[in-house]
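**Student:** Just one file: upload-v2.csv, with CSV, C-alpha atoms (C1' of nucleotides).
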```
chain,number,residue,atom,x,y,z
S,104,MET,CA,250.8,109.4,113.9
S,105,SER,CA,249.4,110.7,117.1
S,106,ASN,CA,250.5,109.9,120.5
S,107,PRO,CA,247.9,108.1,122.6
S,108,LYS,CA,248.9,110.4,125.4
S,109,ASP,CA,247.6,113.3,123.5
S,110,LYS,CA,244.8,114.7,125.5
S,111,LEU,CA,241.4,115.7,124.2
S,112,ILE,CA,238.5,117.2,126.2
S,113,THR,CA,235.0,116.4,125.0
S,114,ILE,CA,232.0,118.4,126.1
S,115,LEU,CA,228.8,116.7,125.0
S,116,GLY,CA,225.2,116.5,125.9
S,117,PRO,CA,221.8,116.9,124.3
S,118,THR,CA,220.7,120.0,122.5
S,119,ALA,CA,220.0,123.3,124.3
S,120,THR,CA,222.2,122.7,127.3
S,121,GLY,CA,224.8,125.3,126.7
S,122,LYS,CA,227.7,123.2,125.5
S,123,SER,CA,229.1,125.9,123.3
S,124,GLN,CA,229.2,128.5,126.0
S,125,LEU,CA,230.9,126.2,128.4
S,126,GLY,CA,233.4,125.2,125.7
S,127,VAL,CA,234.4,128.8,125.2
S,128,LYS,CA,234.7,129.4,128.9
S,129,MET,CA,236.9,126.4,129.5
S,130,ALA,CA,238.9,126.9,126.4
S,131,ARG,CA,239.8,130.4,127.5
S,132,GLU,CA,240.9,129.2,130.9
S,133,PHE,CA,242.9,126.3,129.6
S,134,ASN,CA,244.5,127.8,126.5
S,135,GLY,CA,242.2,125.7,124.3
S,136,GLU,CA,240.7,125.7,120.8
S,137,ILE,CA,237.3,124.3,119.9
S,138,ILE,CA,236.5,121.6,117.5
S,139,SER,CA,232.7,121.6,116.8
S,140,ALA,CA,231.2,118.1,116.7
S,141,ASP,CA,227.9,119.0,115.1
S,142,SER,CA,226.6,117.4,112.0
S,143,ARG,CA,224.7,120.5,110.9
S,144,GLN,CA,227.0,123.3,111.9
S,145,VAL,CA,229.5,122.0,109.3
S,146,TYR,CA,227.3,123.5,106.6
S,147,ARG,CA,227.6,127.1,105.5
S,148,GLY,CA,224.4,128.9,105.8
S,149,LEU,CA,222.8,126.7,108.5
S,150,ASP,CA,223.3,129.2,111.3
S,151,ILE,CA,220.3,130.1,113.3
S,152,GLY,CA,218.6,126.7,112.9
S,153,SER,CA,221.8,124.8,113.9
S,154,ALA,CA,222.5,127.1,116.9
S,155,LYS,CA,225.9,127.9,115.4
S,156,ILE,CA,228.0,130.0,117.6
S,157,THR,CA,228.5,133.6,116.5
S,158,PRO,CA,231.9,135.3,116.2
S,159,GLN,CA,231.1,137.5,119.2
S,160,GLU,CA,230.3,134.4,121.3
S,161,MET,CA,233.5,132.8,120.3
S,162,LYS,CA,235.3,135.5,122.4
S,163,GLY,CA,238.5,135.1,120.4
S,164,VAL,CA,238.7,131.3,120.9
S,165,PRO,CA,239.4,129.6,117.5
S,166,HIS,CA,236.7,127.3,116.3
S,167,HIS,CA,237.2,124.5,113.9
S,168,LEU,CA,234.9,122.5,111.6
S,169,ILE,CA,232.2,125.1,111.4
S,170,ASP,CA,231.2,126.3,107.9
S,171,ILE,CA,233.4,123.9,106.1
S,172,ALA,CA,230.9,122.2,103.8
S,173,SER,CA,228.5,123.3,101.1
S,174,PRO,CA,224.9,122.5,102.0
S,175,ARG,CA,224.5,121.3,98.5
S,176,ARG,CA,226.8,118.4,99.1
S,177,VAL,CA,226.5,115.6,101.6
S,178,PHE,CA,229.0,115.7,104.4
S,179,THR,CA,229.8,112.4,106.1
S,180,VAL,CA,231.2,111.2,109.4
S,181,ALA,CA,234.3,109.9,107.7
S,182,GLN,CA,235.2,113.4,106.5
S,183,PHE,CA,234.4,114.8,109.9
S,184,GLN,CA,236.6,112.2,111.6
S,185,LYS,CA,239.5,112.9,109.4
S,186,LEU,CA,239.3,116.7,109.8
S,187,ALA,CA,238.6,116.6,113.5
S,188,ILE,CA,241.6,114.4,114.2
S,189,LYS,CA,243.8,116.6,112.0
S,190,SER,CA,242.6,119.7,113.8
S,191,ALA,CA,243.2,118.2,117.2
S,192,ARG,CA,246.7,117.3,116.3
S,193,LYS,CA,247.5,120.7,115.0
S,194,ILE,CA,246.1,122.3,118.2
S,195,ILE,CA,248.3,120.0,120.3
S,196,LEU,CA,251.3,120.7,118.2
S,197,ASN,CA,250.8,124.4,119.0
S,198,ASN,CA,250.8,123.5,122.7
S,199,LYS,CA,247.2,124.2,123.1
S,200,THR,CA,244.3,122.0,124.3
S,201,PRO,CA,241.7,120.6,121.9
S,202,PHE,CA,238.1,120.8,123.1
S,203,LEU,CA,235.7,118.6,121.1
S,204,VAL,CA,232.3,120.2,121.7
S,205,GLY,CA,229.0,119.2,120.3
S,206,GLY,CA,225.9,117.0,120.4
S,207,SER,CA,226.3,114.6,117.5
S,208,PRO,CA,227.1,111.3,119.1
S,209,PHE,CA,228.1,109.6,115.9
S,210,TYR,CA,230.6,112.2,115.1
S,211,ILE,CA,232.0,112.5,118.6
S,212,TYR,CA,232.6,108.8,119.0
S,213,SER,CA,234.1,108.4,115.6
S,214,VAL,CA,236.9,110.6,116.9
S,215,THR,CA,237.2,109.6,120.5
S,216,GLU,CA,237.0,105.9,119.8
S,217,GLY,CA,239.1,106.2,116.7
S,218,TRP,CA,236.8,104.1,114.6
S,219,LYS,CA,238.5,102.5,111.6
S,220,LEU,CA,235.9,103.2,108.9
S,221,PRO,CA,236.2,101.1,105.8
S,222,SER,CA,237.9,103.2,103.3
S,223,VAL,CA,235.2,102.8,100.7
S,224,PRO,CA,233.6,106.1,99.8
S,225,ARG,CA,230.0,106.3,99.1
S,226,ASN,CA,229.0,105.6,95.5
S,227,GLN,CA,226.1,107.7,94.6
S,228,SER,CA,225.1,106.0,91.4
S,229,LEU,CA,225.2,102.5,93.0
S,230,ARG,CA,223.1,103.8,95.9
S,231,GLN,CA,220.5,105.2,93.6
S,232,ARG,CA,220.3,101.9,91.8
S,233,LEU,CA,220.1,99.9,95.0
S,234,GLU,CA,217.5,102.2,96.6
S,235,LYS,CA,214.9,100.9,94.2
S,236,LYS,CA,215.3,97.4,95.6
S,237,LYS,CA,213.5,95.9,98.6
S,238,PRO,CA,215.5,94.9,101.7
S,239,GLU,CA,215.1,91.2,100.9
S,240,GLU,CA,216.6,91.7,97.5
S,241,LEU,CA,219.5,93.7,99.0
S,242,PHE,CA,219.9,91.1,101.7
S,243,LYS,CA,220.3,88.4,99.0
S,244,MET,CA,222.8,90.5,97.1
S,245,LEU,CA,224.8,91.0,100.2
S,246,LYS,CA,224.7,87.3,101.1
S,247,GLU,CA,226.4,86.5,97.8
S,248,LEU,CA,229.0,89.1,98.3
S,249,ASP,CA,229.7,88.5,102.0
S,250,ALA,CA,227.8,85.7,103.6
S,251,ALA,CA,229.5,86.2,106.9
S,252,TYR,CA,228.5,89.8,107.3
S,253,ALA,CA,225.0,89.0,106.1
S,254,GLN,CA,224.7,87.0,109.3
S,255,LYS,CA,225.3,90.0,111.4
S,256,VAL,CA,223.5,92.7,109.6
S,257,ASP,CA,219.9,93.9,110.1
S,258,PRO,CA,218.1,92.4,107.1
S,259,PHE,CA,215.4,95.0,107.2
S,260,ASN,CA,217.5,98.1,107.2
S,261,ALA,CA,217.9,99.0,103.5
S,262,ARG,CA,220.3,101.8,104.2
S,263,ARG,CA,222.7,99.6,106.1
S,264,LEU,CA,222.4,96.9,103.6
S,265,ILE,CA,223.2,99.3,100.8
S,266,ARG,CA,226.3,100.5,102.6
S,267,ALA,CA,227.4,96.9,103.2
S,268,ILE,CA,227.0,96.1,99.5
S,269,GLU,CA,228.9,99.2,98.6
S,270,ILE,CA,231.8,98.1,100.8
S,271,ALA,CA,231.7,94.5,99.8
S,272,SER,CA,231.6,95.2,96.1
S,273,VAL,CA,234.8,97.1,96.3
S,274,ALA,CA,236.7,95.5,99.2
S,275,GLY,CA,235.4,92.0,98.7
S,276,GLN,CA,233.9,91.9,102.2
S,277,VAL,CA,232.8,94.1,105.0
S,278,PRO,CA,235.7,94.3,107.4
S,279,PRO,CA,235.0,93.7,111.1
S,280,ARG,CA,234.6,96.7,113.3
S,281,GLN,CA,237.8,98.1,114.7
S,282,SER,CA,238.8,101.0,116.8
S,283,GLN,CA,242.0,102.7,117.8
S,284,PRO,CA,241.7,105.7,120.0
S,285,ALA,CA,244.2,108.4,119.1
S,286,PHE,CA,243.6,110.4,122.2
S,287,GLN,CA,243.2,110.2,125.9
S,288,THR,CA,239.8,111.7,126.4
S,289,LEU,CA,238.0,113.4,129.2
S,290,PHE,CA,234.3,113.2,128.8
S,291,LEU,CA,232.2,116.1,130.2
S,292,GLY,CA,228.5,116.0,129.9
S,293,LEU,CA,225.8,118.7,130.2
S,294,ASN,CA,222.2,117.8,130.8
S,295,TYR,CA,218.9,119.0,132.3
S,296,PRO,CA,215.7,117.2,133.3
S,297,LEU,CA,213.5,116.7,130.3
S,298,PRO,CA,210.8,119.2,131.3
S,299,GLU,CA,213.4,121.9,131.8
S,300,LEU,CA,215.0,121.1,128.4
S,301,LYS,CA,211.6,121.3,126.7
S,302,ASP,CA,211.1,124.7,128.2
S,303,LYS,CA,214.6,125.8,127.0
S,304,ILE,CA,213.9,124.4,123.6
S,305,ALA,CA,210.6,126.3,123.3
S,306,ARG,CA,212.0,129.5,124.4
S,307,ARG,CA,215.0,129.1,122.2
S,308,LEU,CA,212.7,128.5,119.2
S,309,ASN,CA,210.8,131.8,119.8
S,310,GLN,CA,214.2,133.5,119.9
S,311,ARG,CA,215.3,131.9,116.7
S,312,LEU,CA,212.1,132.9,114.9
S,313,LYS,CA,212.6,136.5,116.0
S,314,SER,CA,216.2,136.3,114.8
S,315,GLY,CA,215.2,135.3,111.3
S,316,LEU,CA,214.9,131.6,111.1
S,317,ILE,CA,212.3,131.6,108.4
S,318,GLU,CA,214.4,134.1,106.4
S,319,GLU,CA,217.4,131.8,106.8
S,320,VAL,CA,215.6,128.9,105.2
S,321,GLU,CA,214.3,131.1,102.4
S,322,THR,CA,217.8,132.2,101.7
S,323,LEU,CA,219.0,128.6,101.7
S,324,ARG,CA,216.2,127.7,99.3
S,325,LYS,CA,217.6,130.3,96.9
S,326,ILE,CA,221.1,128.8,96.8
S,327,PRO,CA,219.3,126.7,95.4
S,328,LEU,CA,218.5,123.8,97.7
S,329,SER,CA,215.6,121.5,97.0
S,330,TRP,CA,212.8,121.2,99.5
S,331,LYS,CA,213.8,117.6,99.9
S,332,ARG,CA,217.3,118.6,100.9
S,333,LEU,CA,216.1,121.2,103.4
S,334,GLU,CA,213.7,118.7,104.9
S,335,ASP,CA,216.6,116.2,105.2
S,336,PHE,CA,218.5,118.6,107.4
S,337,GLY,CA,215.7,118.0,109.9
S,338,LEU,CA,214.2,119.9,112.8
S,339,GLU,CA,213.8,123.7,112.1
S,340,TYR,CA,214.9,123.2,108.5
S,341,ARG,CA,212.4,120.5,107.9
S,342,TRP,CA,209.5,122.2,109.5
S,343,VAL,CA,210.1,125.7,108.2
S,344,ALA,CA,210.4,124.1,104.7
S,345,TYR,CA,207.0,122.4,105.3
S,346,TYR,CA,205.7,125.8,106.4
S,347,LEU,CA,207.0,127.6,103.4
S,348,GLN,CA,205.4,125.0,101.2
S,349,ASN,CA,202.1,125.5,103.0
S,350,LYS,CA,202.1,121.9,104.2
S,351,VAL,CA,201.6,123.0,107.8
S,352,ASP,CA,200.6,126.2,109.5
S,353,TYR,CA,202.6,128.3,111.8
S,354,PRO,CA,201.6,126.6,115.1
S,355,GLU,CA,202.0,123.2,113.6
S,356,MET,CA,205.5,124.2,112.5
S,357,LYS,CA,206.4,125.3,116.0
S,358,SER,CA,205.1,122.2,117.7
S,359,GLY,CA,206.7,120.0,115.1
S,360,ILE,CA,210.1,121.5,115.8
S,361,ILE,CA,209.7,121.1,119.5
S,362,GLN,CA,208.5,117.6,119.3
S,363,ASP,CA,211.4,116.6,117.0
S,364,SER,CA,213.8,118.4,119.2
S,365,LEU,CA,212.7,116.2,122.1
S,366,LYS,CA,213.2,113.2,119.9
S,367,LEU,CA,216.6,114.3,119.2
S,368,VAL,CA,217.4,114.7,122.9
S,369,LYS,CA,216.3,111.2,123.5
S,370,HIS,CA,218.4,109.9,120.6
S,371,GLN,CA,221.4,111.7,121.9
S,372,LEU,CA,220.8,110.5,125.4
S,373,ASN,CA,220.4,107.0,124.1
S,374,TRP,CA,224.1,107.1,123.2
S,375,PHE,CA,225.4,109.1,126.1
S,376,LYS,CA,223.6,107.5,129.0
S,377,LYS,CA,225.3,104.2,128.7
S,378,ASP,CA,228.8,105.8,128.6
S,379,GLN,CA,230.2,105.4,132.0
S,380,ARG,CA,233.1,107.6,131.3
S,381,ILE,CA,231.1,110.8,131.1
S,382,HIS,CA,231.2,113.1,134.0
S,383,TRP,CA,227.8,114.7,134.2
S,384,LEU,CA,228.5,118.3,135.3
S,385,LYS,CA,226.8,120.2,138.1
S,386,ASP,CA,228.4,123.5,137.2
S,387,SER,CA,231.4,125.0,135.5
S,388,ASN,CA,233.5,124.8,138.7
S,389,GLN,CA,233.3,121.1,138.6
S,390,ALA,CA,234.3,121.2,134.9
S,391,ARG,CA,237.3,123.3,135.8
S,392,ASP,CA,238.5,120.9,138.5
S,393,LEU,CA,238.1,117.9,136.3
S,394,ILE,CA,239.9,119.5,133.4
S,395,ARG,CA,242.8,120.7,135.7
S,396,ASN,CA,243.2,117.2,137.1
S,397,PHE,CA,243.0,115.6,133.7
S,398,LEU,CA,245.6,117.9,132.2
S,399,ASN,CA,248.0,117.6,135.1
S,400,GLN,CA,247.9,113.8,135.1
K,298,G,C1',163.7,120.9,119.1
K,299,C,C1',163.7,118.1,114.2
K,300,C,C1',166.5,115.5,110.3
K,301,G,C1',171.1,113.3,108.9
K,302,A,C1',176.1,111.3,110.0
K,303,G,C1',179.1,109.4,113.6
K,304,G,C1',181.2,107.7,118.4
K,305,U,C1',187.3,101.9,117.8
K,306,A,C1',194.4,103.3,122.2
K,307,G,C1',196.9,110.1,123.9
K,308,C,C1',195.6,111.7,118.4
K,309,C,C1',194.2,110.2,113.3
K,310,A,C1',192.1,105.9,111.5
K,311,A,C1',190.6,100.5,108.7
K,312,G,C1',187.3,96.8,109.5
K,313,G,C1',183.7,92.7,109.0
K,314,U,C1',178.1,87.5,106.1
K,315,G,C1',178.1,88.2,114.2
K,316,G,C1',183.0,83.2,115.8
K,317,U,C1',190.5,82.3,118.5
K,318,C,C1',195.1,87.2,120.9
K,319,A,C1',190.7,94.0,116.0
K,320,C,C1',194.8,96.7,110.0
K,321,G,C1',197.6,100.8,109.9
K,322,G,C1',199.9,105.8,110.8
K,323,C,C1',201.5,109.6,114.5
K,324,G,C1',202.9,110.0,119.4
K,325,C,C1',204.9,107.2,123.8
K,326,A,C1',208.6,103.4,126.0
K,327,G,C1',212.9,100.4,125.1
K,328,C,C1',216.9,99.0,121.8
K,329,U,C1',220.5,98.6,117.5
K,330,C,C1',224.0,101.7,115.5
K,331,U,C1',231.1,102.3,112.1
K,332,G,C1',231.3,107.0,105.2
K,333,A,C1',223.2,110.4,104.9
K,334,A,C1',223.5,109.9,112.0
K,335,A,C1',219.1,115.8,113.4
K,336,A,C1',219.9,109.2,109.3
K,337,A,C1',218.0,104.3,109.0
K,338,G,C1',216.0,100.0,111.4
K,339,C,C1',214.0,96.6,115.3
K,340,U,C1',210.9,95.4,119.6
K,341,G,C1',207.0,96.8,123.0
K,342,A,C1',202.8,99.0,125.8
K,343,A,C1',198.1,100.9,124.6
K,344,A,C1',191.3,100.7,122.1
K,345,U,C1',185.8,98.7,120.5
K,346,U,C1',181.4,105.5,124.9
K,347,C,C1',177.7,103.6,128.5
K,348,C,C1',173.3,100.5,129.8
K,349,G,C1',170.0,96.8,128.3
K,350,G,C1',168.3,93.1,124.5
K,351,U,C1',168.8,89.1,120.7
K,352,U,C1',172.5,84.9,120.3
K,353,C,C1',176.0,79.1,122.1
K,354,G,C1',178.9,83.7,121.0
K,355,A,C1',178.5,91.0,119.6
K,356,C,C1',183.2,95.7,118.5
K,357,U,C1',179.8,94.0,114.5
K,358,C,C1',172.6,93.1,114.9
K,359,C,C1',168.3,95.7,117.9
K,360,G,C1',166.6,99.4,121.7
K,361,G,C1',167.9,103.3,124.9
K,362,A,C1',171.2,107.0,127.3
K,363,C,C1',175.2,110.3,126.7
K,364,C,C1',178.5,113.0,123.5
K,365,U,C1',180.4,115.1,118.6
K,366,C,C1',179.7,117.1,113.7
K,367,G,C1',176.5,118.9,109.6
K,368,G,C1',171.7,120.7,107.9
K,369,C,C1',166.7,122.6,109.2
K,370,A,C1',164.3,125.5,112.5
```
Take the structure in the file and write it out as structure tokens.
**Tutor:**
Amino acid sequence: MSNPKDKLITILGPTATGKSQLGVKMAREFNGEIISADSRQVYRGLDIGSAKITPQEMKGVPHHLIDIASPRRVFTVAQFQKLAIKSARKIILNNKTPFLVGGSPFYIYSVTEGWKLPSVPRNQSLRQRLEKKKPEELFKMLKELDAAYAQKVDPFNARRLIRAIEIASVAGQVPPRQSQPAFQTLFLGLNYPLPELKDKIARRLNQRLKSGLIEEVETLRKIPLSWKRLEDFGLEYRWVAYYLQNKVDYPEMKSGIIQDSLKLVKHQLNWFKKDQRIHWLKDSNQARDLIRNFLNQ
RNA sequence: GCCGAGGUAGCCAAGGUGGUCACGGCGCAGCUCUGAAAAAGCUGAAAUUCCGGUUCGACUCCGGACCUCGGCA
């Protein structure tokens, strides 16, 4: 069990804002270790496209939850949550400070809020069977299993319905949402105005292409990974996969990546902007002060 | 210049024997989110190139202008 007084520092924000660099900088100053909160960096082989930090950039700061999963297998938020909390406890036990750093809101909040996820793992064969059904059929099925939850669920969202059926068919019903934060968390946010972000994203993309983004996807393809799987990773992986299949040309690939990146930014901000706890940083000095205060409390 | 095709939202695009608020998709805006989350879903804003004619009524029919595409010169 963890002590609710255990402290966790979270550095979050949309893509391309320099979270990793700030994380390393602060971790070095405050005797910290980094837990990456990124739904793509967990996979081995997704390096350039996921903006994975390089060993040099880590500057000796230990990083957790990077390269822990095979891209051939689906990694889930439940696994992430378990591992992240475990890592954080271990770091604290060693008298160091855990920094949760990343841009995957779902992953971040699963840890900071201590969501109690239903302990029903995903059932691949059940899902495959249910995926053939229409939302209305799924809704009917769910209603028979758990009428109360059916009242609350989005009846058009097949994916959610399938998950609900998956849970209800094992647990009898879908349990109500519950949370139990395991840490006292300081939320630090990094952001830039949208036009500036777009510019950063475009420049970063050119850099990545020069560093071998296309080759990275070709290598992943040889693992082998299906085109479908590569496309599911999204963004650079999706568009480079399209490009390698000649579904789009080079300029279309690039503009597709940029456009989808901006969509990602908005999606991330959609979670973050309503979170009043986040301190949106002006510079790293401000981060330093906030962290010092937080740790001295 | 001539012949042909066409001009419907920011882009792509359906339409009809003339008859309430014009199908979709992308993009855009807002929202939901608890084991695929860089996922999935919901809501919304937004259009008949222009001018004239026929008609009770035209985006739809007729004429003209302008523009685009293809062919011929």
**Student:** Given only C-alpha atoms (C1' of nucleotides) as the basis, pick out the residue of S:Pro298, S:Pro238, S:Gly148, S:Pro327 nearest to chain K.
**Tutor:** S:Pro238
**Student:** May I have the residues of chain S within 6 Å of chain K, counting only C-alpha atoms (C1' of nucleotides), written as number ranges by chain?
**Tutor:** S: 179-181, 220, 224, 260, 262, 337
**Student:** Please provide as a VMD selection string all residues within 10 Å of Pro174 (chain S), with the sequence filter that same-chain residues fewer than 5 positions apart are discarded (counting all atoms listed in the file).
**Tutor:** chain S and resid 143 145 to 149 323 326 to 328 332 to 333 336
**Student:** Hey, can you check how far CA of Lys189 (chain S) sits from CA of Phe286 (chain S)?
**Tutor:** 11.9 Å
**Student:** Need to verify the contact set: G354 (chain K), 12 Å, all atoms listed in the file, exclusion of same-chain residues closer than 5 positions in sequence. Can you return it as an MDAnalysis selection string?
**Tutor:** chainID K and resid 315:317
**Student:** Residues of the last selection are to be written out with C-alpha atoms (C1' of nucleotides), as a short mmCIF file (atom, residue, chain, number, x, y, z; two decimals), keeping the file's coordinate frame.
**Tutor:**
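Here's the written file out.cif:
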```
data_model
loop_
_atom_site.label_atom_id
_atom_site.label_comp_id
_atom_site.auth_asym_id
_atom_site.auth_seq_id
_atom_site.Cartn_x
_atom_site.Cartn_y
_atom_site.Cartn_z
"C1'" G K 315 178.10 88.20 114.20
"C1'" G K 316 183.00 83.20 115.80
"C1'" U K 317 190.50 82.30 118.50
#
```
**Student:** Taking 3 positions as the minimum chain separation for residues in the same chain, which residues sit within 12 Å of C363 (chain K) when counting only C-alpha atoms (C1' of nucleotides)? Answer as a PyMOL selection string.
**Tutor:** chain K and resi 304+346-348
**Student:** Kindly save the residues from that selection, with C-alpha atoms (C1' of nucleotides) included, as a PDB file, keeping the file's coordinate frame.
**Tutor:**
```pdb
ATOM      1  C1'   G K 304     181.200 107.700 118.400  1.00  0.00           C
ATOM      2  C1'   U K 346     181.400 105.500 124.900  1.00  0.00           C
ATOM      3  C1'   C K 347     177.700 103.600 128.500  1.00  0.00           C
ATOM      4  C1'   C K 348     173.300 100.500 129.800  1.00  0.00           C
TER       5        C K 348
END
```
**Student:** Would you kindly return, as a list in words, each protein, DNA or RNA residue with an atom no farther than 12 Å from any atom of G367 (chain K), considering only C-alpha atoms (C1' of nucleotides) and excluding same-chain residues fewer than 6 positions away?
**Tutor:**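 Residues near the query, excluding close chain neighbours: C300, G301, A302 and G303 of chain K.
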**Student:** Store the residues picked out above, limited to C-alpha atoms (C1' of nucleotides), as a tab-separated table (two decimals), in the frame of the given file.
**Tutor:**
```tsv
chain	number	residue	atom	x	y	z
K	300	C	C1'	166.50	115.50	110.30
K	301	G	C1'	171.10	113.30	108.90
K	302	A	C1'	176.10	111.30	110.00
K	303	G	C1'	179.10	109.40	113.60
```
**Student:** With distances taken over all atoms listed in the file, which residue among S:Gly152, S:Pro201, S:Gly217, S:Pro278 lies nearest Trp342 (chain S)?
**Tutor:**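 Counting all atoms listed in the file, the residue closest to Trp342 (chain S) is S:Gly152.
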**Student:** Do you have the CA of Arg263 (chain S)-CA of Lys376 (chain S) distance handy?
**Tutor:**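 Result for CA of Arg263 (chain S) versus CA of Lys376 (chain S): 24.2 Å, one decimal.
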**Student:** May I ask which of the residues K:A343, K:A370, K:C356, K:A306 is the closest one to A319 (chain K), counting all atoms listed in the file?
**Tutor:**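 Among the listed residues, the smallest separation from A319 (chain K) belongs to K:C356.
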**Student:** Counting all atoms listed in the file, what is within 9 Å of Pro279 (chain S), bar same-chain residues fewer than 2 positions away, as a short mmCIF file (atom, residue, chain, number, x, y, z; two decimals) with C-alpha atoms, in the coordinates of the input?
**Tutor:**
```
data_model
loop_
_atom_site.label_atom_id
_atom_site.label_comp_id
_atom_site.auth_asym_id
_atom_site.auth_seq_id
_atom_site.Cartn_x
_atom_site.Cartn_y
_atom_site.Cartn_z
CA TYR S 252 228.50 89.80 107.30
CA VAL S 277 232.80 94.10 105.00
CA GLN S 281 237.80 98.10 114.70
#
```
